[in-house]
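Okay, input11.cif is below, mmCIF, C-alpha atoms:
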```
data_query
loop_
_atom_site.label_atom_id
_atom_site.label_comp_id
_atom_site.auth_asym_id
_atom_site.auth_seq_id
_atom_site.Cartn_x
_atom_site.Cartn_y
_atom_site.Cartn_z
CA MET I 1 90.18 151.79 117.63
CA SER I 2 90.05 148.47 115.80
CA ALA I 3 91.50 147.56 112.42
CA LEU I 4 88.19 148.51 110.81
CA ASP I 5 88.62 152.10 112.01
CA LEU I 6 92.01 152.61 110.36
CA LYS I 7 92.31 155.47 107.85
CA LEU I 8 94.76 154.13 105.30
CA GLU I 9 96.02 155.91 102.19
CA THR I 10 97.22 153.02 100.04
CA VAL I 11 95.14 150.06 101.26
CA THR I 12 91.35 149.99 101.00
CA LEU I 13 89.45 147.98 103.59
CA GLU I 14 86.01 146.49 103.05
CA ARG I 15 83.98 144.16 105.24
CA VAL I 16 82.55 141.25 103.26
CA GLY I 17 79.83 139.39 105.09
CA ASP I 18 79.97 139.17 108.86
CA HIS I 19 83.57 138.24 109.56
CA VAL I 20 85.72 138.66 106.43
CA LEU I 21 87.93 141.66 105.70
CA LEU I 22 88.91 142.41 102.11
CA ALA I 23 92.15 144.45 102.01
CA THR I 24 93.09 145.86 98.59
CA LEU I 25 96.51 147.28 97.76
CA ASP I 26 95.37 150.47 96.09
CA ARG I 27 98.01 152.19 93.95
CA PRO I 28 96.94 150.91 90.51
CA GLU I 29 98.65 153.79 88.71
CA VAL I 30 102.03 152.27 89.70
CA ARG I 31 100.96 148.61 89.67
CA ASN I 32 100.37 148.73 93.43
CA ALA I 33 104.09 149.20 94.10
CA LEU I 34 105.18 149.15 97.72
CA ASN I 35 106.17 152.64 98.86
CA THR I 36 106.84 154.00 102.33
CA GLN I 37 103.20 154.90 102.93
CA MET I 38 102.04 151.41 101.98
CA GLY I 39 104.64 150.05 104.40
CA PHE I 40 103.08 152.12 107.18
CA ASP I 41 99.55 151.16 106.11
CA LEU I 42 100.21 147.42 105.96
CA ARG I 43 102.19 147.46 109.19
CA ASP I 44 99.36 149.30 110.95
CA LEU I 45 96.75 146.94 109.52
CA TRP I 46 98.51 143.79 110.74
CA VAL I 47 99.30 145.35 114.13
CA GLU I 48 95.69 146.39 114.69
CA LEU I 49 94.37 142.99 113.62
CA TYR I 50 96.68 141.48 116.25
CA ARG I 51 95.71 144.04 118.90
CA ASP I 52 91.97 144.32 118.27
CA PRO I 53 90.53 142.23 115.45
CA ALA I 54 86.96 143.11 116.48
CA ASP I 55 84.90 140.36 114.81
CA ILE I 56 87.17 139.82 111.80
CA ARG I 57 88.06 136.15 111.42
CA VAL I 58 89.70 135.99 107.97
CA VAL I 59 91.46 138.49 105.69
CA VAL I 60 91.64 138.35 101.90
CA LEU I 61 94.49 140.46 100.47
CA THR I 62 94.46 141.48 96.81
CA GLY I 63 95.57 144.27 94.49
CA ARG I 64 93.55 146.90 92.64
CA GLY I 65 93.05 146.32 88.91
CA ASP I 66 93.90 143.38 86.69
CA LYS I 67 97.57 144.14 85.98
CA ALA I 68 99.34 143.63 89.29
CA PHE I 69 98.94 142.34 92.81
CA CYS I 70 102.06 144.30 93.74
CA ALA I 71 104.97 145.07 91.44
CA GLY I 72 107.45 145.22 94.32
CA GLY I 73 109.20 148.16 95.90
CA ASP I 74 108.56 151.60 94.40
CA LEU I 75 111.92 152.17 92.73
CA LYS I 76 111.01 155.73 91.68
CA GLU I 77 110.57 156.63 95.35
CA ARG I 78 113.86 154.90 96.13
CA GLN I 79 115.79 156.75 93.41
CA GLY I 80 118.39 158.97 95.10
CA MET I 81 117.89 157.59 98.61
CA THR I 82 121.00 157.62 100.74
CA ASP I 83 122.12 154.35 102.31
CA GLY I 84 120.75 155.60 105.63
CA GLU I 85 117.37 156.52 104.17
CA TRP I 86 117.19 153.12 102.44
CA ARG I 87 117.88 151.31 105.71
CA ILE I 88 115.27 153.39 107.56
CA GLN I 89 112.64 152.55 104.94
CA HIS I 90 113.61 148.88 105.00
CA ALA I 91 113.31 148.79 108.80
CA LEU I 92 109.67 149.82 108.29
CA PHE I 93 109.19 146.99 105.79
CA GLU I 94 110.75 144.58 108.31
CA GLN I 95 108.18 145.67 110.91
CA MET I 96 105.46 145.17 108.29
CA VAL I 97 106.64 141.61 107.53
CA LYS I 98 106.91 140.61 111.18
CA ALA I 99 103.44 141.98 111.93
CA HIS I 100 102.04 140.18 108.87
CA VAL I 101 103.36 136.74 109.80
CA ASP I 102 102.18 137.28 113.38
CA CYS I 103 98.61 138.04 112.26
CA PRO I 104 96.48 135.66 114.36
CA MET I 105 93.74 135.01 111.84
CA PRO I 106 94.20 133.41 108.39
CA VAL I 107 95.20 135.70 105.52
CA ILE I 108 94.49 134.54 101.96
CA ALA I 109 96.33 136.16 99.06
CA ALA I 110 94.23 136.66 95.91
CA VAL I 111 96.98 137.40 93.40
CA ASN I 112 95.29 139.17 90.50
CA GLY I 113 98.35 139.97 88.38
CA ALA I 114 102.10 140.43 88.67
CA ALA I 115 103.60 139.73 92.10
CA PHE I 116 107.26 140.64 91.79
CA ALA I 117 109.98 141.08 94.41
CA GLY I 118 108.38 142.55 97.55
CA GLY I 119 104.96 141.86 96.03
CA LEU I 120 105.70 138.14 95.88
CA GLU I 121 107.07 138.30 99.42
CA ILE I 122 103.81 139.86 100.62
CA ALA I 123 101.90 137.02 98.97
CA LEU I 124 104.24 134.45 100.53
CA GLY I 125 103.58 135.98 103.94
CA CYS I 126 99.92 135.01 103.60
CA ASP I 127 98.73 131.62 104.78
CA PHE I 128 97.96 130.45 101.27
CA VAL I 129 97.56 131.83 97.77
CA TYR I 130 94.88 131.79 95.10
CA ALA I 131 96.06 133.24 91.79
CA SER I 132 94.64 134.43 88.52
CA GLU I 133 95.65 132.24 85.59
CA SER I 134 97.35 135.33 84.15
CA ALA I 135 99.41 136.07 87.28
CA ARG I 136 103.20 136.12 87.09
CA PHE I 137 105.75 135.89 89.85
CA ALA I 138 109.42 136.67 90.45
CA LEU I 139 111.98 137.57 93.08
CA THR I 140 114.09 139.94 90.99
CA GLU I 141 116.18 141.54 93.72
CA VAL I 142 119.55 140.07 92.69
CA THR I 143 119.13 141.69 89.26
CA LEU I 144 119.00 145.08 91.04
CA GLY I 145 122.03 144.68 93.26
CA ILE I 146 120.16 143.65 96.41
CA MET I 147 118.48 140.42 97.58
CA PRO I 148 115.09 139.45 98.99
CA GLY I 149 114.66 141.23 102.32
CA ALA I 150 110.99 140.75 103.18
CA ALA I 151 111.36 137.10 104.24
CA GLY I 152 111.55 135.74 100.68
CA THR I 153 114.59 133.58 101.46
CA GLN I 154 112.69 132.07 104.39
CA LEU I 155 109.17 131.71 103.00
CA LEU I 156 109.84 130.61 99.41
CA PRO I 157 111.83 127.46 100.34
CA ARG I 158 108.98 126.47 102.65
CA ALA I 159 106.59 126.78 99.71
CA VAL I 160 108.54 125.27 96.79
CA GLY I 161 111.50 123.47 98.34
CA LEU I 162 115.11 124.49 98.80
CA ARG I 163 116.50 123.76 95.34
CA ARG I 164 113.64 125.36 93.45
CA ALA I 165 113.82 128.43 95.71
CA LYS I 166 117.54 128.83 95.03
CA GLU I 167 116.91 128.72 91.29
CA ILE I 168 114.11 131.32 91.52
CA ILE I 169 116.05 133.67 93.80
CA LEU I 170 119.50 133.38 92.25
CA THR I 171 118.34 133.83 88.64
CA GLY I 172 115.59 136.39 89.25
CA THR I 173 113.66 134.76 86.39
CA PRO I 174 109.87 135.27 86.33
CA PHE I 175 107.53 132.28 86.30
CA ASP I 176 103.85 131.90 85.53
CA ALA I 177 100.84 130.90 87.59
CA ALA I 178 100.75 127.33 86.28
CA GLN I 179 104.35 126.80 87.37
CA ALA I 180 103.59 128.37 90.75
CA GLU I 181 100.74 125.92 91.27
CA ASP I 182 102.80 122.96 90.07
CA TRP I 183 105.59 123.86 92.52
CA GLY I 184 103.20 124.18 95.46
CA MET I 185 103.37 127.94 95.95
CA VAL I 186 99.82 128.57 94.72
CA ASN I 187 96.90 126.56 96.08
CA ARG I 188 94.41 127.26 93.30
CA LEU I 189 94.37 128.81 89.84
CA CYS I 190 91.28 130.85 89.02
CA ALA I 191 89.88 132.55 85.94
CA PRO I 192 90.62 136.27 86.35
CA ASP I 193 86.94 137.18 86.71
CA THR I 194 86.33 134.56 89.42
CA LEU I 195 89.52 134.93 91.49
CA LEU I 196 88.14 137.22 94.15
CA GLU I 197 84.85 135.35 94.32
CA GLN I 198 86.64 132.06 94.95
CA ALA I 199 89.00 133.56 97.55
CA LEU I 200 86.08 135.16 99.40
CA GLU I 201 84.12 131.91 99.23
CA THR I 202 86.98 130.07 100.93
CA ALA I 203 87.35 132.89 103.45
CA ALA I 204 83.64 132.62 104.32
CA LYS I 205 84.02 128.86 104.83
CA ILE I 206 86.91 129.44 107.24
CA ALA I 207 85.04 132.27 108.97
CA GLY I 208 82.15 129.89 109.62
CA ASN I 209 84.38 127.63 111.72
CA ALA I 210 85.15 128.19 115.39
CA PRO I 211 87.51 131.21 115.39
CA ILE I 212 89.57 130.18 118.43
CA SER I 213 90.06 126.75 116.88
CA VAL I 214 91.13 128.30 113.57
CA ARG I 215 93.64 130.63 115.22
CA GLN I 216 95.09 127.88 117.39
CA ALA I 217 95.35 125.50 114.42
CA LYS I 218 97.11 128.20 112.37
CA LYS I 219 99.67 128.69 115.14
CA ALA I 220 100.30 124.96 115.46
CA VAL I 221 100.72 124.41 111.72
CA THR I 222 103.12 127.36 111.50
CA ALA I 223 105.09 125.96 114.43
CA SER I 224 105.55 122.68 112.54
CA THR I 225 108.10 124.41 110.28
CA GLN I 226 110.10 125.67 113.24
CA MET I 227 110.31 122.67 115.60
CA ASP I 228 111.18 119.00 115.64
CA PHE I 229 108.26 116.59 115.83
CA LYS I 230 108.26 116.14 119.60
CA ASN I 231 108.30 119.85 120.40
CA GLY I 232 105.85 120.54 117.59
CA TYR I 233 103.43 117.95 118.92
CA ASP I 234 103.79 119.36 122.45
CA PHE I 235 102.92 122.76 120.98
CA GLU I 236 99.91 121.25 119.22
CA ILE I 237 98.64 119.74 122.47
CA GLU I 238 98.92 123.10 124.24
CA ALA I 239 97.05 124.76 121.38
CA TYR I 240 94.43 122.00 121.44
CA ASN I 241 93.86 122.36 125.17
CA ARG I 242 93.14 126.06 124.64
CA THR I 243 90.01 125.02 122.69
CA VAL I 244 88.62 122.53 125.21
CA GLY I 245 87.23 125.05 127.69
CA THR I 246 85.60 127.30 125.13
CA GLU I 247 81.90 127.90 124.62
CA ASP I 248 82.48 127.18 120.95
CA ARG I 249 83.65 123.64 121.70
CA HIS I 250 80.35 122.95 123.49
CA GLU I 251 78.43 124.66 120.68
CA GLY I 252 80.16 122.59 118.00
CA ILE I 253 79.42 119.26 119.66
CA ASN I 254 75.83 120.25 120.49
CA ALA I 255 75.20 121.47 116.94
CA PHE I 256 76.55 118.23 115.49
CA ASN I 257 74.30 116.10 117.68
CA GLU I 258 71.29 118.36 117.12
CA LYS I 259 71.91 118.30 113.34
CA ARG I 260 72.07 122.09 112.98
CA LYS I 261 74.61 124.66 111.88
CA PRO I 262 76.77 125.87 114.79
CA ALA I 263 76.73 129.54 115.80
CA TYR I 264 80.30 130.25 116.89
CA LYS I 265 81.03 133.32 118.97
CA GLY I 266 84.79 133.15 119.44
CA ARG I 267 84.69 132.46 123.14
#
```
The structure given in the file should be rewritten as structure tokens.
Amino acid sequence: MSALDLKLETVTLERVGDHVLLATLDRPEVRNALNTQMGFDLRDLWVELYRDPADIRVVVLTGRGDKAFCAGGDLKERQGMTDGEWRIQHALFEQMVKAHVDCPMPVIAAVNGAAFAGGLEIALGCDFVYASESARFALTEVTLGIMPGAAGTQLLPRAVGLRRAKEIILTGTPFDAAQAEDWGMVNRLCAPDTLLEQALETAAKIAGNAPISVRQAKKAVTASTQMDFKNGYDFEIEAYNRTVGTEDRHEGINAFNEKRKPAYKGR
């Protein structure tokens, strides 16, 4: 079974073109809130994309409807949970986050509405973010007696800087899409009716590049936030050398010299 064969209850999967997977958080009646089942579904999706991506080269992640990408954790489901039940559910979300950031191919968030708390953390776990001009963002956990627990304290400072991240997290104050772009968290603002089109267009451009090269480059760029320059560059060289012996490297050079579009096969 590959990721394309998964039967998910809260996430709808759709192949777009030859190599792009569109994954839609699909609980619009509750603003795509993250419940236990969505935790299982997202965890299983990222795990299967790691284990057997088939021919998927890029994922676009969005939410159903025009109100919310994901409103955060489903607090109605959490009402009345014991401390033990809460921790068990959160352990699932931790698995989901770790599997997400380990996804080998690029994941683009197309944030179509509110991305609050865990919803913003899911977006931050993607490689980059396109957002509707009407999108809003917040990490509201401290206003609810908890704190970000889906890597928000790790990913947000990497996106907006340490001081800005502290202000966002410690106040819990929402901010708009223009601010998110200005602070470096969002790559591109889009009109609501063109958001998905633009995200899929970028995904198709990435999917047209050599997939081993893309995956190796993603790993090396991610490593740059975790290592000093020397070790990071050593990591880059190892990743680079993985591309040298591939058929795609020969195809890319031949296509350039023959003035034609390369046909990459991922090997």
Selection result for the PyMOL selection byres ((chain I and resi 113) around 8) on this file, as a ChimeraX atom specification: /I:63,66-70,111-112,114-115,131-132,134-136
Close residues, Glu29 in chain I itself excluded, 10 Å, all atoms listed in the file, min 3 positions apart in chain, as a PyMOL selection string: chain I and resi 26+32-33+64-65
Test item: the PyMOL selection byres ((chain I and resi 39-43) around 6) resolved as a PyMOL selection string: chain I and resi 8+36-38+44-46+93+96
Atoms to include: C-alpha atoms. Write the selected residues as an mmCIF file, in the frame of the given file.
```
data_model
loop_
_atom_site.group_PDB
_atom_site.id
_atom_site.type_symbol
_atom_site.label_atom_id
_atom_site.label_comp_id
_atom_site.auth_asym_id
_atom_site.auth_seq_id
_atom_site.Cartn_x
_atom_site.Cartn_y
_atom_site.Cartn_z
ATOM 1 C CA LEU I 8 94.760 154.130 105.300
ATOM 2 C CA THR I 36 106.840 154.000 102.330
ATOM 3 C CA GLN I 37 103.200 154.900 102.930
ATOM 4 C CA MET I 38 102.040 151.410 101.980
ATOM 5 C CA ASP I 44 99.360 149.300 110.950
ATOM 6 C CA LEU I 45 96.750 146.940 109.520
ATOM 7 C CA TRP I 46 98.510 143.790 110.740
ATOM 8 C CA PHE I 93 109.190 146.990 105.790
ATOM 9 C CA MET I 96 105.460 145.170 108.290
#
```
Best match for closeness to Ala180 in chain I among I:Leu196, I:Ala23, I:Gln216, I:Val129, counting all atoms listed in the file: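 Closest residue, counting all atoms listed in the file: I:Val129.
Distance check against Glu181 in chain I using all atoms listed in the file: of I:Ile206, I:Arg31, I:Glu133, I:Asp5, the minimum falls on I:Glu133.
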Straight-line distance linking CA of Asp83 in chain I with CA of Met147 in chain I, stated in Å to one decimal: 15.2 Å
Who sits within 8 Å of range 263-266 of chain I, all atoms listed in the file, same chain under 2 positions skipped, as a PyMOL selection string: chain I and resi 208-212+247-248+251-252+261
Target residues per the PyMOL selection byres ((chain I and resi 2) around 8), formatted as a PyMOL selection string: chain I and resi 1+3-6+48-49+51-54
Once 3 Å is added on each side, what are the centre and the three edge lengths, in Å to one decimal, of the axis-aligned box enclosing the listed atoms of range 143-154 of chain I? Present them as AutoDock Vina command-line options.
```
--center_x 116.5 --center_y 138.6 --center_z 96.8 --size_x 17.0 --size_y 19.0 --size_z 21.1
```
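Comparing the minimum interatomic distances between Leu25 in chain I and each of I:Leu92, I:Ala109, I:Ile169, I:Ala191, counting all atoms listed in the file, we find that I:Ala109 sits nearest.
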Close residues, Ala138 in chain I itself excluded, 10 Å, only C-alpha atoms, min 5 positions apart in chain, as a list in words: Ala71, Gly72, Ala114, Ala115, Phe116, Ala117, Gly118, Gly119, Leu120, Glu121, Ile168, Ile169, Thr171, Gly172, Thr173, Pro174, Phe175 and Asp176 of chain I
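One distance worth recording is that between CA of Ile122 in chain I and CA of Phe137 in chain I, which is 11.6 Å.
When CA of Phe256 in chain I is paired with CA of Asn241 in chain I, their separation reads 20.3 Å.
Closest approach to Pro104 in chain I from the set I:Ser213, I:Thr246, I:Thr153, I:Asn231 is made by I:Ser213, with distances taken over only C-alpha atoms.
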Selected residue of minimal separation from Arg57 in chain I among I:Val101, I:His19, I:Asn35, I:Leu155, counting all atoms listed in the file: I:His19
Spatial neighbours of Glu201 in chain I, 12 Å, all atoms listed in the file, chain gap at least 2 places, as number ranges by chain: I: 16-17, 20, 22, 58-60, 108, 110, 130, 194-199, 203-208
Take the residues from that selection and put them in a file with C-alpha atoms, as a short mmCIF file (atom, residue, chain, number, x, y, z; two decimals), keeping the file's coordinate frame.
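As a result, part_31.cif now contains:
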```cif
data_model
loop_
_atom_site.label_atom_id
_atom_site.label_comp_id
_atom_site.auth_asym_id
_atom_site.auth_seq_id
_atom_site.Cartn_x
_atom_site.Cartn_y
_atom_site.Cartn_z
CA VAL I 16 82.55 141.25 103.26
CA GLY I 17 79.83 139.39 105.09
CA VAL I 20 85.72 138.66 106.43
CA LEU I 22 88.91 142.41 102.11
CA VAL I 58 89.70 135.99 107.97
CA VAL I 59 91.46 138.49 105.69
CA VAL I 60 91.64 138.35 101.90
CA ILE I 108 94.49 134.54 101.96
CA ALA I 110 94.23 136.66 95.91
CA TYR I 130 94.88 131.79 95.10
CA THR I 194 86.33 134.56 89.42
CA LEU I 195 89.52 134.93 91.49
CA LEU I 196 88.14 137.22 94.15
CA GLU I 197 84.85 135.35 94.32
CA GLN I 198 86.64 132.06 94.95
CA ALA I 199 89.00 133.56 97.55
CA ALA I 203 87.35 132.89 103.45
CA ALA I 204 83.64 132.62 104.32
CA LYS I 205 84.02 128.86 104.83
CA ILE I 206 86.91 129.44 107.24
CA ALA I 207 85.04 132.27 108.97
CA GLY I 208 82.15 129.89 109.62
#
```
Shortest interatomic distance to Asp182 in chain I - which of I:Val160, I:Met81, I:Leu170, I:Ala150, counting all atoms listed in the file: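 For Asp182 in chain I, the nearest of the candidates is I:Val160.
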